[in-house]
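Okay, protein19.csv is below, CSV, C-alpha atoms:
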chain,number,residue,atom,x,y,z
A,1,MET,CA,4.1,-21.6,5.3
A,2,ASN,CA,1.5,-18.9,5.9
A,3,TRP,CA,-1.4,-19.4,8.3
A,4,ILE,CA,-4.1,-18.6,5.7
A,5,ASN,CA,-3.8,-21.1,2.9
A,6,GLY,CA,-0.5,-22.9,3.3
A,7,GLY,CA,1.3,-20.8,0.7
A,8,ILE,CA,5.0,-20.7,1.2
A,9,ASP,CA,5.7,-17.3,-0.5
A,10,ARG,CA,3.9,-14.3,-2.0
A,11,ASP,CA,3.0,-16.1,-5.3
A,12,SER,CA,1.6,-19.2,-3.7
A,13,THR,CA,-0.4,-17.1,-1.2
A,14,LEU,CA,-2.0,-15.1,-3.9
A,15,ALA,CA,-2.5,-18.1,-6.3
A,16,PRO,CA,-6.1,-18.9,-5.1
A,17,LEU,CA,-7.2,-15.4,-6.5
A,18,PRO,CA,-5.6,-15.6,-9.9
A,19,ASP,CA,-7.2,-12.5,-11.3
A,20,VAL,CA,-6.0,-10.4,-8.4
A,21,ALA,CA,-2.6,-12.1,-8.5
A,22,ASN,CA,-2.2,-11.5,-12.3
A,23,ARG,CA,-3.1,-7.8,-12.0
A,24,PHE,CA,-0.9,-7.3,-9.0
A,25,GLN,CA,2.0,-9.0,-10.8
A,26,ALA,CA,1.5,-6.7,-13.9
A,27,LEU,CA,1.6,-3.7,-11.7
A,28,TYR,CA,4.6,-4.9,-9.7
A,29,ASP,CA,6.5,-5.7,-12.9
A,30,SER,CA,5.8,-2.3,-14.4
A,31,PHE,CA,7.9,-0.6,-11.6
A,32,TRP,CA,10.9,-2.4,-13.0
A,33,ASN,CA,10.2,-1.4,-16.5
A,34,GLN,CA,9.4,2.3,-16.3
A,35,ALA,CA,11.6,5.1,-17.6
A,36,HIS,CA,11.6,7.6,-14.7
A,37,LEU,CA,13.6,6.2,-11.8
A,38,ALA,CA,16.4,3.7,-12.0
A,39,PRO,CA,15.2,0.2,-11.1
A,40,SER,CA,18.4,-0.4,-9.0
A,41,THR,CA,17.5,2.6,-6.9
A,42,LEU,CA,14.0,1.3,-6.4
A,43,GLU,CA,15.5,-2.0,-5.3
A,44,LEU,CA,17.6,-0.2,-2.8
A,45,CYS,CA,14.5,1.5,-1.4
A,46,ARG,CA,12.6,-1.8,-1.3
A,47,LEU,CA,15.4,-3.5,0.6
A,48,ARG,CA,15.7,-0.6,3.0
A,49,LEU,CA,12.0,-1.0,3.8
A,50,ALA,CA,12.6,-4.7,4.4
A,51,GLN,CA,15.4,-3.7,6.8
A,52,LEU,CA,13.2,-1.2,8.6
A,53,HIS,CA,10.3,-3.6,8.9
A,54,ARG,CA,12.7,-6.5,9.8
A,55,SER,CA,11.2,-8.7,7.1
A,56,ALA,CA,13.6,-11.5,6.3
A,57,ALA,CA,11.3,-12.7,3.5
A,58,ASP,CA,11.5,-9.3,1.7
A,59,TRP,CA,15.2,-8.9,2.4
A,60,SER,CA,15.9,-12.3,0.7
A,61,ARG,CA,13.9,-11.3,-2.4
A,62,VAL,CA,15.8,-10.1,-5.5
A,63,ASP,CA,13.7,-8.0,-7.8
A,64,CYS,CA,16.6,-6.2,-9.5
A,65,GLU,CA,20.3,-7.0,-9.4
A,66,ILE,CA,22.3,-4.5,-7.3
A,67,ASP,CA,25.9,-4.1,-6.4
A,68,ALA,CA,26.8,-6.4,-3.5
A,69,GLU,CA,28.6,-3.7,-1.7
A,70,LYS,CA,25.5,-1.5,-1.7
A,71,ARG,CA,23.4,-4.3,-0.3
A,72,GLU,CA,25.9,-5.0,2.4
A,73,HIS,CA,26.2,-1.4,3.4
A,74,LEU,CA,22.6,-0.4,2.9
A,75,ALA,CA,22.0,0.6,6.5
A,76,ASP,CA,24.9,3.0,6.3
A,77,TRP,CA,23.7,4.6,3.0
A,78,SER,CA,24.1,8.2,4.4
A,79,SER,CA,27.8,7.8,5.0
A,80,HIS,CA,29.1,5.0,2.8
A,81,GLU,CA,30.9,6.1,-0.4
A,82,SER,CA,29.3,3.6,-2.7
A,83,PHE,CA,25.9,5.4,-2.7
A,84,SER,CA,25.2,8.2,-5.2
A,85,ASP,CA,23.5,11.5,-4.4
A,86,ALA,CA,20.4,10.3,-6.3
A,87,GLU,CA,20.2,7.1,-4.3
A,88,ARG,CA,20.7,9.0,-1.1
A,89,ALA,CA,17.8,11.3,-1.9
A,90,CYS,CA,15.5,8.4,-2.5
A,91,LEU,CA,16.7,6.4,0.6
A,92,GLU,CA,16.2,9.4,2.8
A,93,PHE,CA,12.7,9.8,1.4
A,94,THR,CA,12.1,6.1,1.9
A,95,GLU,CA,13.1,6.2,5.6
A,96,ILE,CA,10.7,9.1,6.4
A,97,TYR,CA,8.0,7.5,4.3
A,98,ALA,CA,8.4,4.3,6.4
A,99,MET,CA,8.3,6.1,9.8
A,100,ASP,CA,5.6,8.7,9.1
A,101,VAL,CA,4.4,9.6,5.7
A,102,GLN,CA,2.9,12.8,7.1
A,103,ALA,CA,6.4,14.0,8.0
A,104,ILE,CA,7.7,14.0,4.4
A,105,SER,CA,8.9,17.5,3.8
A,106,ASP,CA,9.0,19.6,0.6
A,107,GLU,CA,12.8,19.5,0.9
A,108,LEU,CA,12.8,15.7,0.8
A,109,ALA,CA,10.5,15.7,-2.2
A,110,GLU,CA,12.5,18.4,-4.0
A,111,ALA,CA,15.7,16.3,-3.5
A,112,VAL,CA,14.2,13.4,-5.3
A,113,LYS,CA,12.8,15.6,-8.1
A,114,ALA,CA,16.2,17.2,-8.6
A,115,HIS,CA,17.4,13.8,-9.8
A,116,TYR,CA,14.4,12.2,-11.3
A,117,GLY,CA,11.8,14.9,-12.0
A,118,ASP,CA,8.1,15.0,-11.2
A,119,ALA,CA,7.4,11.6,-12.7
A,120,GLY,CA,10.3,10.1,-10.8
A,121,LEU,CA,8.9,11.3,-7.5
A,122,VAL,CA,5.4,9.9,-8.4
A,123,THR,CA,7.1,6.6,-9.4
A,124,LEU,CA,8.9,6.5,-6.1
A,125,VAL,CA,5.8,7.1,-3.9
A,126,GLU,CA,3.7,4.7,-5.9
A,127,ALA,CA,6.4,2.0,-5.7
A,128,LEU,CA,6.9,2.6,-2.0
A,129,GLY,CA,3.2,2.1,-1.4
A,130,ILE,CA,3.3,-1.3,-3.1
A,131,PHE,CA,6.7,-2.3,-1.5
A,132,ASP,CA,5.6,-1.3,2.0
A,133,GLY,CA,2.3,-3.0,1.5
A,134,MET,CA,3.8,-6.3,0.4
A,135,THR,CA,6.4,-6.2,3.2
A,136,ARG,CA,3.7,-5.7,5.8
A,137,LEU,CA,1.8,-8.6,4.3
A,138,SER,CA,4.9,-10.9,4.4
A,139,LEU,CA,5.0,-10.2,8.1
A,140,LEU,CA,1.3,-10.5,8.6
A,141,TRP,CA,1.1,-13.7,6.6
A,142,GLN,CA,4.2,-14.9,8.5
A,143,LEU,CA,6.1,-15.9,5.4
A,144,ALA,CA,9.6,-17.2,5.8
A,145,SER,CA,12.7,-16.0,3.9
A,146,VAL,CA,13.6,-17.9,0.7
A,147,GLU,CA,17.0,-19.0,-0.5
A,148,HIS,CA,18.3,-17.7,-3.8
B,1,MET,CA,1.4,17.5,5.5
B,2,THR,CA,1.8,20.1,2.8
B,3,SER,CA,-1.2,21.9,1.4
B,4,GLN,CA,0.8,22.6,-1.8
B,5,ALA,CA,1.0,19.7,-4.3
B,6,ARG,CA,4.6,18.6,-4.8
B,7,VAL,CA,3.7,17.4,-8.3
B,8,THR,CA,0.9,18.3,-10.6
B,9,ASN,CA,-0.5,16.5,-13.7
B,10,SER,CA,-0.9,19.2,-16.4
B,11,HIS,CA,-2.3,16.8,-19.0
B,12,ALA,CA,-5.8,17.6,-20.3
B,13,PRO,CA,-8.4,16.4,-17.8
B,14,THR,CA,-10.2,13.1,-18.7
B,15,GLY,CA,-12.8,13.0,-15.9
B,16,ASN,CA,-11.1,9.9,-14.4
B,17,ILE,CA,-9.9,10.8,-10.9
B,18,ILE,CA,-6.9,8.4,-11.0
B,19,ARG,CA,-5.9,9.2,-14.6
B,20,ASP,CA,-6.1,12.9,-13.8
B,21,SER,CA,-4.1,12.6,-10.6
B,22,ALA,CA,-0.4,12.7,-10.3
B,23,LEU,CA,-0.4,9.0,-11.0
B,24,GLY,CA,-1.1,10.0,-14.6
B,25,LEU,CA,2.5,11.2,-14.9
B,26,VAL,CA,3.6,7.5,-15.0
B,27,PRO,CA,1.9,5.9,-17.9
B,28,GLU,CA,3.9,2.7,-17.5
B,29,THR,CA,2.1,1.9,-14.2
B,30,LEU,CA,-1.2,3.8,-14.6
B,31,GLY,CA,-3.2,1.2,-16.5
B,32,ASN,CA,-2.0,-1.6,-14.2
B,33,TYR,CA,-2.8,0.4,-11.1
B,34,MET,CA,-6.3,1.0,-12.4
B,35,ASP,CA,-6.8,-2.7,-13.4
B,36,LEU,CA,-5.8,-3.9,-9.9
B,37,ASN,CA,-8.1,-1.3,-8.3
B,38,ARG,CA,-11.0,-2.5,-10.4
B,39,GLN,CA,-10.3,-6.1,-9.8
B,40,LEU,CA,-10.1,-5.6,-6.0
B,41,TRP,CA,-13.5,-3.9,-6.0
B,42,GLU,CA,-15.3,-6.1,-8.5
B,43,GLY,CA,-13.6,-9.4,-8.7
B,44,GLY,CA,-12.9,-10.7,-5.2
B,45,PRO,CA,-15.0,-12.7,-2.6
B,46,LEU,CA,-15.5,-9.8,-0.2
B,47,SER,CA,-18.6,-7.6,-0.7
B,48,PRO,CA,-18.2,-3.9,-1.7
B,49,ALA,CA,-19.4,-2.8,1.8
B,50,GLU,CA,-16.7,-5.0,3.4
B,51,ILE,CA,-14.0,-3.6,1.2
B,52,GLU,CA,-15.2,0.0,2.0
B,53,ILE,CA,-15.1,-0.7,5.7
B,54,ALA,CA,-11.4,-1.6,5.4
B,55,ARG,CA,-10.7,1.3,3.1
B,56,ILE,CA,-12.3,3.9,5.3
B,57,ARG,CA,-10.5,2.5,8.4
B,58,ASN,CA,-7.2,2.8,6.6
B,59,ALA,CA,-8.0,6.3,5.4
B,60,ARG,CA,-8.8,7.5,8.9
B,61,LYS,CA,-5.7,6.0,10.4
B,62,VAL,CA,-3.4,7.4,7.7
B,63,ASN,CA,-5.3,10.6,7.8
B,64,CYS,CA,-5.6,11.0,4.0
B,65,VAL,CA,-8.1,13.8,3.7
B,66,PHE,CA,-9.1,12.8,0.2
B,67,CYS,CA,-9.5,9.1,1.0
B,68,LYS,CA,-11.5,10.0,4.1
B,69,SER,CA,-14.0,12.1,2.2
B,70,VAL,CA,-14.7,9.6,-0.6
B,71,ARG,CA,-17.6,7.1,-0.5
B,72,TYR,CA,-17.9,4.4,-3.2
B,73,ASP,CA,-21.4,4.1,-4.7
B,74,ILE,CA,-21.2,0.3,-5.0
B,75,ALA,CA,-20.6,0.1,-1.2
B,76,GLN,CA,-23.5,2.3,-0.5
B,77,GLU,CA,-25.7,0.2,-2.8
B,78,ASP,CA,-24.4,-2.8,-0.9
B,79,GLY,CA,-25.9,-1.4,2.3
B,80,LEU,CA,-23.1,0.6,3.9
B,81,SER,CA,-25.0,3.6,5.2
B,82,GLU,CA,-23.3,6.8,6.5
B,83,ASP,CA,-24.5,5.8,10.0
B,84,ARG,CA,-22.5,2.6,9.8
B,85,VAL,CA,-19.5,4.5,8.3
B,86,GLN,CA,-19.5,6.6,11.5
B,87,MET,CA,-19.0,3.4,13.5
B,88,ILE,CA,-15.6,2.9,11.9
B,89,ASP,CA,-13.7,4.6,14.7
B,90,ASP,CA,-11.5,3.6,17.6
B,91,ASP,CA,-14.6,2.4,19.6
B,92,TYR,CA,-15.8,0.1,16.9
B,93,GLU,CA,-15.8,-2.9,19.3
B,94,GLN,CA,-18.7,-1.4,21.2
B,95,SER,CA,-20.6,-0.5,18.0
B,96,ASN,CA,-23.4,-2.3,16.2
B,97,LEU,CA,-21.2,-3.4,13.4
B,98,THR,CA,-21.3,-7.2,12.8
B,99,ASP,CA,-18.7,-9.5,14.2
B,100,ARG,CA,-17.4,-10.0,10.7
B,101,GLU,CA,-17.1,-6.3,10.1
B,102,LYS,CA,-15.3,-5.8,13.4
B,103,LEU,CA,-12.8,-8.5,12.4
B,104,ILE,CA,-12.2,-6.6,9.2
B,105,LEU,CA,-11.3,-3.6,11.3
B,106,ALA,CA,-9.1,-5.7,13.6
B,107,PHE,CA,-7.2,-7.1,10.6
B,108,THR,CA,-6.7,-3.6,9.2
B,109,ASP,CA,-5.5,-2.3,12.5
B,110,GLN,CA,-3.1,-5.2,12.8
B,111,TYR,CA,-1.7,-4.5,9.3
B,112,LEU,CA,-1.3,-0.8,10.1
B,113,ASN,CA,0.0,-1.0,13.7
B,114,ASP,CA,2.0,-4.2,14.1
B,115,PRO,CA,2.0,-6.6,11.1
B,116,ALA,CA,4.6,-8.8,12.7
B,117,GLY,CA,2.6,-9.1,16.0
B,118,LEU,CA,-0.5,-11.1,14.9
B,119,ASP,CA,-1.4,-13.3,17.9
B,120,SER,CA,-2.9,-16.7,17.7
B,121,ALA,CA,-6.3,-15.6,19.1
B,122,LEU,CA,-7.0,-13.1,16.3
B,123,LYS,CA,-5.6,-15.5,13.8
B,124,GLU,CA,-8.0,-18.2,14.9
B,125,ARG,CA,-11.0,-15.8,14.9
B,126,LEU,CA,-10.1,-14.7,11.4
B,127,ARG,CA,-9.9,-18.3,10.2
B,128,GLN,CA,-13.2,-19.2,11.8
B,129,VAL,CA,-15.1,-16.3,10.1
B,130,PHE,CA,-13.4,-15.9,6.7
B,131,THR,CA,-12.5,-18.3,3.9
B,132,PRO,CA,-8.8,-18.4,2.9
B,133,GLN,CA,-9.8,-16.6,-0.3
B,134,GLU,CA,-11.5,-13.9,1.6
B,135,LEU,CA,-8.4,-13.4,3.8
B,136,VAL,CA,-6.2,-13.1,0.8
B,137,HIS,CA,-8.6,-10.6,-0.8
B,138,LEU,CA,-8.8,-8.6,2.5
B,139,SER,CA,-5.0,-8.5,2.7
B,140,MET,CA,-4.6,-7.1,-0.8
B,141,VAL,CA,-7.4,-4.6,-0.3
B,142,VAL,CA,-5.8,-3.2,2.8
B,143,ALA,CA,-2.3,-3.2,1.3
B,144,PHE,CA,-3.5,-1.5,-1.9
B,145,PHE,CA,-5.6,1.2,-0.3
B,146,ASN,CA,-2.9,1.9,2.3
B,147,GLY,CA,-0.4,2.4,-0.5
B,148,PHE,CA,-2.8,4.6,-2.4
B,149,SER,CA,-3.5,6.8,0.7
B,150,ARG,CA,0.1,7.1,1.6
B,151,CYS,CA,0.9,8.1,-2.0
B,152,ALA,CA,-1.8,10.8,-1.9
B,153,VAL,CA,-0.4,12.2,1.4
B,154,ALA,CA,3.2,12.1,0.1
B,155,ILE,CA,2.3,14.0,-3.0
B,156,GLY,CA,0.4,16.6,-0.9
B,157,GLY,CA,-1.9,19.3,-2.0
B,158,MET,CA,-4.8,18.3,0.1
B,159,PRO,CA,-6.9,20.8,2.1
B,160,ASP,CA,-7.5,20.2,5.8
B,161,GLU,CA,-11.0,19.1,5.1
B,162,LEU,CA,-13.2,18.0,2.2
B,163,PRO,CA,-17.0,17.3,2.1
B,164,VAL,CA,-18.1,13.7,1.7
B,165,MET,CA,-18.3,12.8,-2.0
B,166,THR,CA,-19.7,9.7,-3.6
B,167,ILE,CA,-17.8,8.3,-6.6
B,168,SER,CA,-17.8,5.2,-8.7
B,169,VAL,CA,-14.9,2.8,-9.2
B,170,PRO,CA,-12.8,4.5,-11.9
B,171,GLN,CA,-13.0,2.5,-15.2
What is this file in C-alpha cells?
Amino acid sequence: MNWINGGIDRDSTLAPLPDVANRFQALYDSFWNQAHLAPSTLELCRLRLAQLHRSAADWSRVDCEIDAEKREHLADWSSHESFSDAERACLEFTEIYAMDVQAISDELAEAVKAHYGDAGLVTLVEALGIFDGMTRLSLLWQLASVEH
Amino acid sequence: MTSQARVTNSHAPTGNIIRDSALGLVPETLGNYMDLNRQLWEGGPLSPAEIEIARIRNARKVNCVFCKSVRYDIAQEDGLSEDRVQMIDDDYEQSNLTDREKLILAFTDQYLNDPAGLDSALKERLRQVFTPQELVHLSMVVAFFNGFSRCAVAIGGMPDELPVMTISVPQ
C-alpha cells in the first residue's frame, strides 16, 4: 500500500485522478501497439530498467509476454545466446540511458536505428522515458510487487 | 550530448512544437502523448505555476537545453515571474519561495536522485501540505517531464544554449 492514498498498485494510485489515469493508460498502451519496435524488445528494456532500479513491483509486472529464458538471463544479455543483435542494441542503449542520458553516444543510437530505423529509435527513447518514470514512481510511492 | 540530431522529422511543419519534433515520427503514440501533456497542465489540482516549478527543476537537473529555455505562458499568467524562476536552484531552501514550492522541489529532487530513499520526515511534510490528489498529480508531472527531457537529450541536436522563450501548451 502506498503512503499517498492507500493504493496498492499503479492503477489504484492513479485512480483518484481518472482523467490523468485514462490518458496515461492510453499512452502506455500505445507503446505495445506501435509498428516500429518489437513489443517483446520493449518489454526486455522495461524489465532491464526494473532490474537496474531494483524495483520489485516493476519486475513483477507483465506488459508483454517474453521468452522465460530471456527473462531469466536478462542481466547477462550481452553474452547469453538467447538475445538477438537487435535486442542487444536496445538493451545497451537502455543501460546507458538509465545511468546517464547525456552519455548516450551516436554509435549507440546508430545501432538501434540499424535494426529499427529512425522511428524505432524515437519509440525506444519515448518508451524508456515512460518506463523509467513509472519505475521511479513505484519506488517513490513504495509499491510492493504483485503476484501474477 | 551531441549537437547533431540523431533523428529528424522531415514532415511538413505544422507549427506545433511536439508534432514537429522527432516525436512526430511515431503517430501511434503522438496524440496520446499530447493528450497527457495537456491533461497534466490543465486538468489536475496543482496550479500551472506549481507544475512549472517542478518542470524547470527537472530541466535544470537533467540539463535539457530546450526544456531549460522554455517558459509556459499559463505559468507566467499564474504569477511565476522570472525572478522566482531564478530561485529554482540548489540553494532554493534559502530562497523566498513558499514552503509549498520548496516541497515541490524536494519531491522532484527525491524522484531524480533517490526515488527509493524517501524518508519518513519528508513523507510527513508532503502529506501535511498536499492533498493525496495533488501528490499523485505532482508525481505524474515530474515523471512525464523527466521522460520528455530525457527523450530530447537522447535524440540530440540541441545547441549549448538557447534564449528564454515563452510558449503555450501545445493543443
Please compute the atom CA of Cys90 of chain A-atom CA of Ser138 of chain A distance, one decimal, in Å.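 Going from atom CA of Cys90 of chain A over to atom CA of Ser138 of chain A covers 23.1 Å.
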Within 9 Å of chain B, which residues of chain A are there when counting all atoms listed in the file? Please give them as a PDB file with C-alpha atoms, in the frame of the given file.
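Written output follows (iface_16.pdb):
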ATOM      1  CA  TRP A   3      -1.400 -19.400   8.300  1.00  0.00           C
ATOM      2  CA  ILE A   4      -4.100 -18.600   5.700  1.00  0.00           C
ATOM      3  CA  ASN A   5      -3.800 -21.100   2.900  1.00  0.00           C
ATOM      4  CA  THR A  13      -0.400 -17.100  -1.200  1.00  0.00           C
ATOM      5  CA  LEU A  14      -2.000 -15.100  -3.900  1.00  0.00           C
ATOM      6  CA  PRO A  16      -6.100 -18.900  -5.100  1.00  0.00           C
ATOM      7  CA  LEU A  17      -7.200 -15.400  -6.500  1.00  0.00           C
ATOM      8  CA  ASP A  19      -7.200 -12.500 -11.300  1.00  0.00           C
ATOM      9  CA  VAL A  20      -6.000 -10.400  -8.400  1.00  0.00           C
ATOM     10  CA  ALA A  21      -2.600 -12.100  -8.500  1.00  0.00           C
ATOM     11  CA  ASN A  22      -2.200 -11.500 -12.300  1.00  0.00           C
ATOM     12  CA  ARG A  23      -3.100  -7.800 -12.000  1.00  0.00           C
ATOM     13  CA  PHE A  24      -0.900  -7.300  -9.000  1.00  0.00           C
ATOM     14  CA  ALA A  26       1.500  -6.700 -13.900  1.00  0.00           C
ATOM     15  CA  LEU A  27       1.600  -3.700 -11.700  1.00  0.00           C
ATOM     16  CA  TYR A  28       4.600  -4.900  -9.700  1.00  0.00           C
ATOM     17  CA  ASP A  29       6.500  -5.700 -12.900  1.00  0.00           C
ATOM     18  CA  SER A  30       5.800  -2.300 -14.400  1.00  0.00           C
ATOM     19  CA  PHE A  31       7.900  -0.600 -11.600  1.00  0.00           C
ATOM     20  CA  ASN A  33      10.200  -1.400 -16.500  1.00  0.00           C
ATOM     21  CA  GLN A  34       9.400   2.300 -16.300  1.00  0.00           C
ATOM     22  CA  ALA A  35      11.600   5.100 -17.600  1.00  0.00           C
ATOM     23  CA  HIS A  36      11.600   7.600 -14.700  1.00  0.00           C
ATOM     24  CA  HIS A  53      10.300  -3.600   8.900  1.00  0.00           C
ATOM     25  CA  ARG A  54      12.700  -6.500   9.800  1.00  0.00           C
ATOM     26  CA  SER A  55      11.200  -8.700   7.100  1.00  0.00           C
ATOM     27  CA  TYR A  97       8.000   7.500   4.300  1.00  0.00           C
ATOM     28  CA  VAL A 101       4.400   9.600   5.700  1.00  0.00           C
ATOM     29  CA  GLN A 102       2.900  12.800   7.100  1.00  0.00           C
ATOM     30  CA  ALA A 103       6.400  14.000   8.000  1.00  0.00           C
ATOM     31  CA  ILE A 104       7.700  14.000   4.400  1.00  0.00           C
ATOM     32  CA  SER A 105       8.900  17.500   3.800  1.00  0.00           C
ATOM     33  CA  ASP A 106       9.000  19.600   0.600  1.00  0.00           C
ATOM     34  CA  ALA A 109      10.500  15.700  -2.200  1.00  0.00           C
ATOM     35  CA  GLU A 110      12.500  18.400  -4.000  1.00  0.00           C
ATOM     36  CA  ASP A 118       8.100  15.000 -11.200  1.00  0.00           C
ATOM     37  CA  ALA A 119       7.400  11.600 -12.700  1.00  0.00           C
ATOM     38  CA  GLY A 120      10.300  10.100 -10.800  1.00  0.00           C
ATOM     39  CA  LEU A 121       8.900  11.300  -7.500  1.00  0.00           C
ATOM     40  CA  VAL A 122       5.400   9.900  -8.400  1.00  0.00           C
ATOM     41  CA  THR A 123       7.100   6.600  -9.400  1.00  0.00           C
ATOM     42  CA  VAL A 125       5.800   7.100  -3.900  1.00  0.00           C
ATOM     43  CA  GLU A 126       3.700   4.700  -5.900  1.00  0.00           C
ATOM     44  CA  ALA A 127       6.400   2.000  -5.700  1.00  0.00           C
ATOM     45  CA  LEU A 128       6.900   2.600  -2.000  1.00  0.00           C
ATOM     46  CA  GLY A 129       3.200   2.100  -1.400  1.00  0.00           C
ATOM     47  CA  ILE A 130       3.300  -1.300  -3.100  1.00  0.00           C
ATOM     48  CA  PHE A 131       6.700  -2.300  -1.500  1.00  0.00           C
ATOM     49  CA  ASP A 132       5.600  -1.300   2.000  1.00  0.00           C
ATOM     50  CA  GLY A 133       2.300  -3.000   1.500  1.00  0.00           C
ATOM     51  CA  MET A 134       3.800  -6.300   0.400  1.00  0.00           C
ATOM     52  CA  ARG A 136       3.700  -5.700   5.800  1.00  0.00           C
ATOM     53  CA  LEU A 137       1.800  -8.600   4.300  1.00  0.00           C
ATOM     54  CA  SER A 138       4.900 -10.900   4.400  1.00  0.00           C
ATOM     55  CA  LEU A 139       5.000 -10.200   8.100  1.00  0.00           C
ATOM     56  CA  LEU A 140       1.300 -10.500   8.600  1.00  0.00           C
ATOM     57  CA  TRP A 141       1.100 -13.700   6.600  1.00  0.00           C
ATOM     58  CA  GLN A 142       4.200 -14.900   8.500  1.00  0.00           C
TER      59      GLN A 142
END
Could you please determine the separation between atom CA of Leu122 of chain B and atom CA of Ala49 of chain B in Å, to one decimal place?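 Atom CA of Ala49 of chain B lies at a distance of 21.7 Å from atom CA of Leu122 of chain B.
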Selection near Arg48 of chain A, 8 Å with only C-alpha atoms, sequence-local residues under 3 positions removed, as a list in words: Leu44, Cys45, Gln51, Leu52, Leu74, Ala75, Leu91, Thr94 and Glu95 of chain A
Interatomic distance, atom CA of Met99 of chain A to atom CA of Cys67 of chain B (Å, one decimal):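 Spanning atom CA of Met99 of chain A to atom CA of Cys67 of chain B is a straight-line distance of 20.1 Å.
By only C-alpha atoms, and with residues fewer than 2 positions from Arg100 of chain B along its chain excluded, the set lying at most 9 Å from it is Glu50, Leu97, Thr98, Lys102, Leu103, Ile104, Leu105, Leu126, Val129 and Phe130 of chain B.
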For segment 68-71 of chain B: contacts at 7 Å, all atoms listed in the file, fewer than 4 positions along chain excluded, given as a PyMOL selection string: chain B and resi 56+59-60+64+162-167
Residue list as a list in words for point (12.0, -8.3, -4.4), cut-off 9 Å, all atoms listed in the file: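 Result, sorted by chain then residue number: Glu43, Arg46, Leu47, Asp58, Trp59, Ser60, Arg61, Val62, Asp63, Cys64 and Phe131 of chain A.
If all atoms listed in the file are the atoms counted, then among B:Ser10, B:Gln86, B:Gln76, B:Thr108 the closest residue to Ser47 of chain B is B:Gln76.
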Pull segment 114-125 of chain B out of the block and emit N, CA, C and O atoms, as a tab-separated table (two decimals), in the first residue's frame.
chain	number	residue	atom	x	y	z
B	114	ASP	N	17.03	9.85	-5.74
B	114	ASP	CA	16.95	8.63	-4.94
B	114	ASP	C	15.50	8.26	-4.67
B	114	ASP	O	15.02	8.38	-3.54
B	115	PRO	N	14.79	7.81	-5.70
B	115	PRO	CA	13.36	7.56	-5.51
B	115	PRO	C	13.06	6.49	-4.46
B	115	PRO	O	11.98	6.51	-3.85
B	116	ALA	N	14.02	5.60	-4.21
B	116	ALA	CA	13.77	4.54	-3.22
B	116	ALA	C	14.09	5.01	-1.80
B	116	ALA	O	13.81	4.30	-0.84
B	117	GLY	N	14.65	6.20	-1.67
B	117	GLY	CA	15.15	6.61	-0.36
B	117	GLY	C	14.31	7.66	0.35
B	117	GLY	O	14.82	8.35	1.24
B	118	LEU	N	13.05	7.78	0.00
B	118	LEU	CA	12.20	8.79	0.65
B	118	LEU	C	12.11	8.51	2.15
B	118	LEU	O	11.70	7.42	2.56
B	119	ASP	N	12.48	9.50	2.96
B	119	ASP	CA	12.44	9.25	4.41
B	119	ASP	C	11.10	9.69	5.00
B	119	ASP	O	10.32	10.41	4.38
B	120	SER	N	10.86	9.26	6.22
B	120	SER	CA	9.55	9.50	6.83
B	120	SER	C	9.32	10.99	7.11
B	120	SER	O	8.18	11.45	7.09
B	121	ALA	N	10.38	11.74	7.33
B	121	ALA	CA	10.21	13.17	7.63
B	121	ALA	C	9.66	13.92	6.41
B	121	ALA	O	8.70	14.68	6.52
B	122	LEU	N	10.26	13.68	5.24
B	122	LEU	CA	9.78	14.34	4.02
B	122	LEU	C	8.38	13.85	3.67
B	122	LEU	O	7.51	14.63	3.27
B	123	LYS	N	8.17	12.57	3.84
B	123	LYS	CA	6.85	12.00	3.56
B	123	LYS	C	5.78	12.70	4.40
B	123	LYS	O	4.73	13.09	3.90
B	124	GLU	N	6.08	12.89	5.67
B	124	GLU	CA	5.10	13.52	6.57
B	124	GLU	C	4.86	14.98	6.18
B	124	GLU	O	3.72	15.45	6.17
B	125	ARG	N	5.92	15.69	5.84
B	125	ARG	CA	5.76	17.10	5.42
B	125	ARG	C	4.91	17.19	4.15
B	125	ARG	O	4.04	18.06	4.03
